[in-house]
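Participant: File follows, start-v1.pdb with PDB, C-alpha atoms:
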ATOM      1  CA  MET A   1     225.562  55.501  62.831
ATOM      2  CA  SER A   2     222.358  55.905  60.851
ATOM      3  CA  ALA A   3     221.880  53.409  58.029
ATOM      4  CA  VAL A   4     219.906  56.053  56.160
ATOM      5  CA  LEU A   5     222.602  58.696  56.477
ATOM      6  CA  GLN A   6     225.604  56.389  55.987
ATOM      7  CA  VAL A   7     225.723  57.947  52.525
ATOM      8  CA  PRO A   8     224.861  61.617  53.085
ATOM      9  CA  PRO A   9     221.877  63.033  51.197
ATOM     10  CA  ALA A  10     222.503  65.234  48.201
ATOM     11  CA  SER A  11     222.521  68.972  48.586
ATOM     12  CA  ALA A  12     219.224  70.740  48.019
ATOM     13  CA  GLU A  13     220.548  72.085  44.707
ATOM     14  CA  LEU A  14     221.435  68.607  43.434
ATOM     15  CA  ALA A  15     218.157  67.210  44.754
ATOM     16  CA  VAL A  16     216.168  69.837  42.842
ATOM     17  CA  ALA A  17     217.999  68.962  39.625
ATOM     18  CA  HIS A  18     217.571  65.220  40.180
ATOM     19  CA  PHE A  19     213.872  65.235  41.033
ATOM     20  CA  ALA A  20     212.986  67.786  38.360
ATOM     21  CA  ALA A  21     214.742  65.584  35.810
ATOM     22  CA  ARG A  22     212.842  62.512  36.973
ATOM     23  CA  LEU A  23     209.528  64.327  36.544
ATOM     24  CA  ALA A  24     210.585  65.391  33.056
ATOM     25  CA  PHE A  25     211.010  61.731  32.099
ATOM     26  CA  GLU A  26     208.252  60.017  34.123
ATOM     27  CA  THR A  27     204.544  60.276  34.846
ATOM     28  CA  ASP A  28     202.227  57.981  36.774
ATOM     29  CA  CYS A  29     198.991  56.098  36.199
ATOM     30  CA  SER A  30     196.949  58.600  38.162
ATOM     31  CA  ASP A  31     198.108  61.579  36.097
ATOM     32  CA  VAL A  32     197.591  59.661  32.841
ATOM     33  CA  ALA A  33     194.073  58.684  33.952
ATOM     34  CA  ALA A  34     193.287  62.278  34.942
ATOM     35  CA  ASP A  35     194.418  63.600  31.552
ATOM     36  CA  LEU A  36     192.535  60.905  29.639
ATOM     37  CA  GLY A  37     189.413  61.608  31.689
ATOM     38  CA  ALA A  38     189.726  65.337  30.963
ATOM     39  CA  GLY A  39     190.100  64.694  27.232
ATOM     40  CA  ALA A  40     193.699  65.898  26.995
ATOM     41  CA  ASP A  41     194.891  65.570  23.425
ATOM     42  CA  ASP A  42     198.363  67.084  23.588
ATOM     43  CA  TRP A  43     200.141  63.751  23.989
ATOM     44  CA  VAL A  44     199.768  60.158  22.746
ATOM     45  CA  LEU A  45     199.654  57.047  24.955
ATOM     46  CA  ILE A  46     201.533  54.058  23.526
ATOM     47  CA  ASP A  47     201.119  50.462  24.741
ATOM     48  CA  THR A  48     204.406  48.769  23.838
ATOM     49  CA  ARG A  49     203.424  45.181  24.684
ATOM     50  CA  SER A  50     202.802  42.208  22.396
ATOM     51  CA  GLN A  51     199.523  41.613  20.560
ATOM     52  CA  GLU A  52     198.625  38.855  23.022
ATOM     53  CA  SER A  53     199.180  41.203  25.970
ATOM     54  CA  TRP A  54     197.183  43.986  24.311
ATOM     55  CA  ASP A  55     194.316  41.559  23.702
ATOM     56  CA  GLN A  56     194.237  40.633  27.412
ATOM     57  CA  GLY A  57     193.524  44.272  28.202
ATOM     58  CA  HIS A  58     194.931  47.750  27.713
ATOM     59  CA  VAL A  59     194.375  51.352  28.725
ATOM     60  CA  PRO A  60     191.376  52.762  26.833
ATOM     61  CA  GLY A  61     192.588  55.305  24.301
ATOM     62  CA  ALA A  62     196.088  53.829  24.042
ATOM     63  CA  ILE A  63     197.664  53.066  20.692
ATOM     64  CA  HIS A  64     199.179  49.621  20.327
ATOM     65  CA  LEU A  65     202.730  49.831  18.995
ATOM     66  CA  PRO A  66     205.081  47.101  20.214
ATOM     67  CA  THR A  67     208.585  48.317  20.974
ATOM     68  CA  ARG A  68     210.172  46.272  18.187
ATOM     69  CA  GLU A  69     207.907  48.039  15.620
ATOM     70  CA  ILE A  70     208.384  51.663  16.729
ATOM     71  CA  ALA A  71     211.220  52.573  14.362
ATOM     72  CA  ALA A  72     209.313  51.231  11.350
ATOM     73  CA  ARG A  73     205.736  52.288  12.215
ATOM     74  CA  ALA A  74     205.779  55.290  14.568
ATOM     75  CA  ALA A  75     205.426  57.823  11.747
ATOM     76  CA  THR A  76     202.211  56.113  10.609
ATOM     77  CA  VAL A  77     200.467  56.261  14.016
ATOM     78  CA  VAL A  78     202.034  59.184  15.930
ATOM     79  CA  PRO A  79     202.126  62.729  14.532
ATOM     80  CA  ALA A  80     205.642  64.076  13.980
ATOM     81  CA  GLY A  81     207.008  65.702  17.124
ATOM     82  CA  ALA A  82     203.997  64.721  19.253
ATOM     83  CA  ALA A  83     204.652  64.109  22.934
ATOM     84  CA  VAL A  84     204.453  60.417  23.782
ATOM     85  CA  VAL A  85     203.825  58.467  26.986
ATOM     86  CA  THR A  86     204.892  54.821  26.895
ATOM     87  CA  TYR A  87     203.852  51.895  29.056
ATOM     88  CA  CYS A  88     204.546  48.180  29.195
ATOM     89  CA  TRP A  89     203.682  45.497  31.786
ATOM     90  CA  GLY A  90     204.991  46.944  35.012
ATOM     91  CA  PRO A  91     207.877  48.015  37.182
ATOM     92  CA  ALA A  92     209.808  44.792  36.640
ATOM     93  CA  CYS A  93     209.728  45.303  32.864
ATOM     94  CA  ASN A  94     211.881  47.773  30.951
ATOM     95  CA  GLY A  95     209.848  47.610  27.748
ATOM     96  CA  ALA A  96     208.423  51.108  28.242
ATOM     97  CA  THR A  97     211.938  52.436  28.825
ATOM     98  CA  LYS A  98     213.169  50.830  25.599
ATOM     99  CA  ALA A  99     210.154  52.245  23.765
ATOM    100  CA  ALA A 100     210.730  55.714  25.214
ATOM    101  CA  LEU A 101     214.315  55.577  23.965
ATOM    102  CA  GLU A 102     213.103  54.664  20.467
ATOM    103  CA  PHE A 103     210.647  57.573  20.422
ATOM    104  CA  ALA A 104     213.335  59.956  21.660
ATOM    105  CA  ARG A 105     215.612  58.765  18.859
ATOM    106  CA  LEU A 106     212.809  59.643  16.438
ATOM    107  CA  GLY A 107     212.645  63.175  17.847
ATOM    108  CA  HIS A 108     209.595  62.869  20.098
ATOM    109  CA  PRO A 109     209.400  64.364  23.577
ATOM    110  CA  VAL A 110     208.618  61.323  25.699
ATOM    111  CA  LYS A 111     207.711  60.167  29.196
ATOM    112  CA  GLU A 112     207.353  56.728  30.705
ATOM    113  CA  MET A 113     204.258  55.806  32.737
ATOM    114  CA  LEU A 114     205.577  54.435  36.022
ATOM    115  CA  GLY A 115     204.013  51.167  37.150
ATOM    116  CA  GLY A 116     202.877  50.252  33.662
ATOM    117  CA  PHE A 117     199.741  48.263  32.962
ATOM    118  CA  GLU A 118     200.190  46.333  36.206
ATOM    119  CA  TYR A 119     199.679  49.389  38.379
ATOM    120  CA  TRP A 120     197.004  50.764  36.050
ATOM    121  CA  THR A 121     194.911  47.673  36.755
ATOM    122  CA  ARG A 122     195.891  47.446  40.428
ATOM    123  CA  GLU A 123     194.578  50.981  40.916
ATOM    124  CA  GLY A 124     191.213  49.883  39.499
ATOM    125  CA  LEU A 125     191.436  52.090  36.424
ATOM    126  CA  PRO A 126     189.468  51.180  33.266
ATOM    127  CA  VAL A 127     190.717  48.315  31.131
ATOM    128  CA  GLU A 128     189.612  47.754  27.544
ATOM    129  CA  THR A 129     189.296  44.356  25.856
ATOM    130  CA  ALA A 130     187.351  43.087  22.849
ATOM    131  CA  ASP A 131     184.398  42.679  25.252
ATOM    132  CA  GLY A 132     184.390  46.361  26.213
ATOM    133  CA  ILE A 133     185.640  48.425  29.116
ATOM    134  CA  THR A 134     185.764  47.024  32.636
ATOM    135  CA  ARG A 135     187.421  47.809  35.934
ATOM    136  CA  ARG A 136     189.210  45.266  38.053
ATOM    137  CA  PRO A 137     189.093  45.369  41.843
ATOM    138  CA  VAL A 138     191.355  47.941  43.488
ATOM    139  CA  ASP A 139     194.395  46.473  45.228
ATOM    140  CA  PRO A 140     194.272  48.081  48.691
ATOM    141  CA  LEU A 141     198.064  48.039  48.884
ATOM    142  CA  VAL A 142     198.381  50.502  46.017
ATOM    143  CA  ALA A 143     195.108  52.436  46.071
ATOM    144  CA  PRO A 144     193.152  52.041  49.305
ATOM    145  CA  ARG A 145     189.430  52.536  48.799
ATOM    146  CA  GLY A 146     188.204  55.890  49.899
ATOM    147  CA  VAL A 147     191.738  57.176  50.435
ATOM    148  CA  ALA A 148     193.735  59.234  47.965
ATOM    149  CA  CYS A 149     197.424  59.907  48.269
ATOM    150  CA  ALA A 150     196.609  63.464  47.154
ATOM    151  CA  CYS A 151     199.976  63.846  45.488
TER     152      CYS A 151
END
Have the structure of the file written as structure tokens, please.

Facilitator:
Amino acid sequence: MSAVLQVPPASAELAVAHFAARLAFETDCSDVAADLGAGADDWVLIDTRSQESWDQGHVPGAIHLPTREIAARAATVVPAGAAVVTYCWGPACNGATKAALEFARLGHPVKEMLGGFEYWTREGLPVETADGITRRPVDPLVAPRGVACAC
């Protein structure tokens, strides 16, 4: 018996609902970078990490708002009802998920950036520090040079 099909796949109808829901809640580094590069201003990018993490580097254009401060400070840095995209360290961290929940509780439409800052940097996207904007080398396991996943 197939290990893959030991649990049968969902029906097409359920699969459509599931994957559409995931896309309603999640975005990825590539789409965030494309929007930032195009000057999109219909959503706000929130870095939910600590001050020390922010200082080590962050996505240019992001707003720094640690998760534990969202309830108290969101109204001062994010327009009411604005769409929000949250990120934290990476896939092994649920900080962006916790932050997304806080923004949803405040009435914001919200998405989480999959991969977080880890995958942002691994894909060789721009990183801002006090010294300016740099790019780190691309990790060929996540973004092979000269090859795009074209998704």

Participant: Excluding Pro66 in chain A and its own-chain neighbours fewer than 3 positions away, which residues fall within 10 Å of it when counting only C-alpha atoms? Please give them as a list in words.

Facilitator: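 Once the adjacent positions are removed, what remains is Ile46, Asp47, Thr48, Arg49, Ser50, Gln51, Trp54, Ile63, Glu69, Ile70, Arg73, Ala74, Cys88, Gly95, Ala96 and Ala99 of chain A.
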
Participant: CA of Pro109 in chain A and CA of Glu26 in chain A, how far apart in Å?

Facilitator: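 These two atoms are separated by 11.5 Å.
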
Participant: Applying the PyMOL selection byres ((chain A and resi 138) around 10) to the file I just gave you, which residues come out? Please list them as an NGL selection string.

Facilitator: :A and (119-125 or 135-137 or 139-145)

Participant: May I have the protein, DNA and RNA residues with any atom at most 12 Å from the point (192.2, 61.6, 33.1), counting all atoms listed in the file, written as number ranges by chain?

Facilitator: A: 28-41, 45, 59-61, 125-126

Participant: Could you jot down the CA of Val84 in chain A to CA of His58 in chain A separation for me, Å, one decimal place?

Facilitator: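 According to the coordinates, CA of Val84 in chain A and CA of His58 in chain A are separated by 16.3 Å.
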
Participant: Taking (192.8, 42.3, 30.2) as a centre in this file's frame and 9 Å as the limit, can you find every polymer residue with an atom that close, using only C-alpha atoms, and give them as a list in words?

Facilitator: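 Result, sorted by chain then residue number: Ser53, Trp54, Asp55, Gln56, Gly57, His58, Thr121, Val127, Glu128, Thr129 and Thr134 of chain A.
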
Participant: Quick one: everything within 8 Å of Val85 in chain A, counting all atoms listed in the file, minus sequence neighbours fewer than 3 positions away in the same chain. Send it as a list in words.

Facilitator: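 After dropping sequence-adjacent residues, the list is Trp43, Val44, Leu45, Ile46, Ala100, Val110, Lys111, Glu112 and Met113 of chain A.
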
Participant: Any chance you could work out the residue set of the PyMOL selection byres ((chain A and resi 116) around 6) here, as a PyMOL selection string?

Facilitator: chain A and resi 87-90+113-115+117-119

Participant: If I take CA of Glu102 in chain A and CA of Thr76 in chain A, how far is one from the other in Å, to one decimal?

Facilitator: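 Calculated distance between CA of Glu102 in chain A and CA of Thr76 in chain A is 14.8 Å.
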
Participant: Using the file's own x, y and z axes, so that the box edges lie along x, y and z, what centre and edge lengths in Å (one decimal) does a box around every listed atom of range 86-96 of chain A get when 6 Å is added on each side? Give it as AutoDock Vina command-line options.

Facilitator:
--center_x 207.8 --center_y 49.8 --center_z 32.0 --size_x 20.2 --size_y 22.0 --size_z 22.3

Participant: Looking at A:Arg22, A:Glu13, A:Cys93, A:Ala82, which one is nearest to Leu106 in chain A, with distances taken over only C-alpha atoms?

Facilitator: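 Smallest distance to Leu106 in chain A is found for A:Ala82.
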
Participant: For each of A:Val77, A:Leu101, A:Ala92, A:Ala130, take the minimum atom-to-atom distance to His64 in chain A, counting only C-alpha atoms, then give the residue where this is smallest.

Facilitator: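 Among the listed residues, the smallest separation from His64 in chain A belongs to A:Val77.
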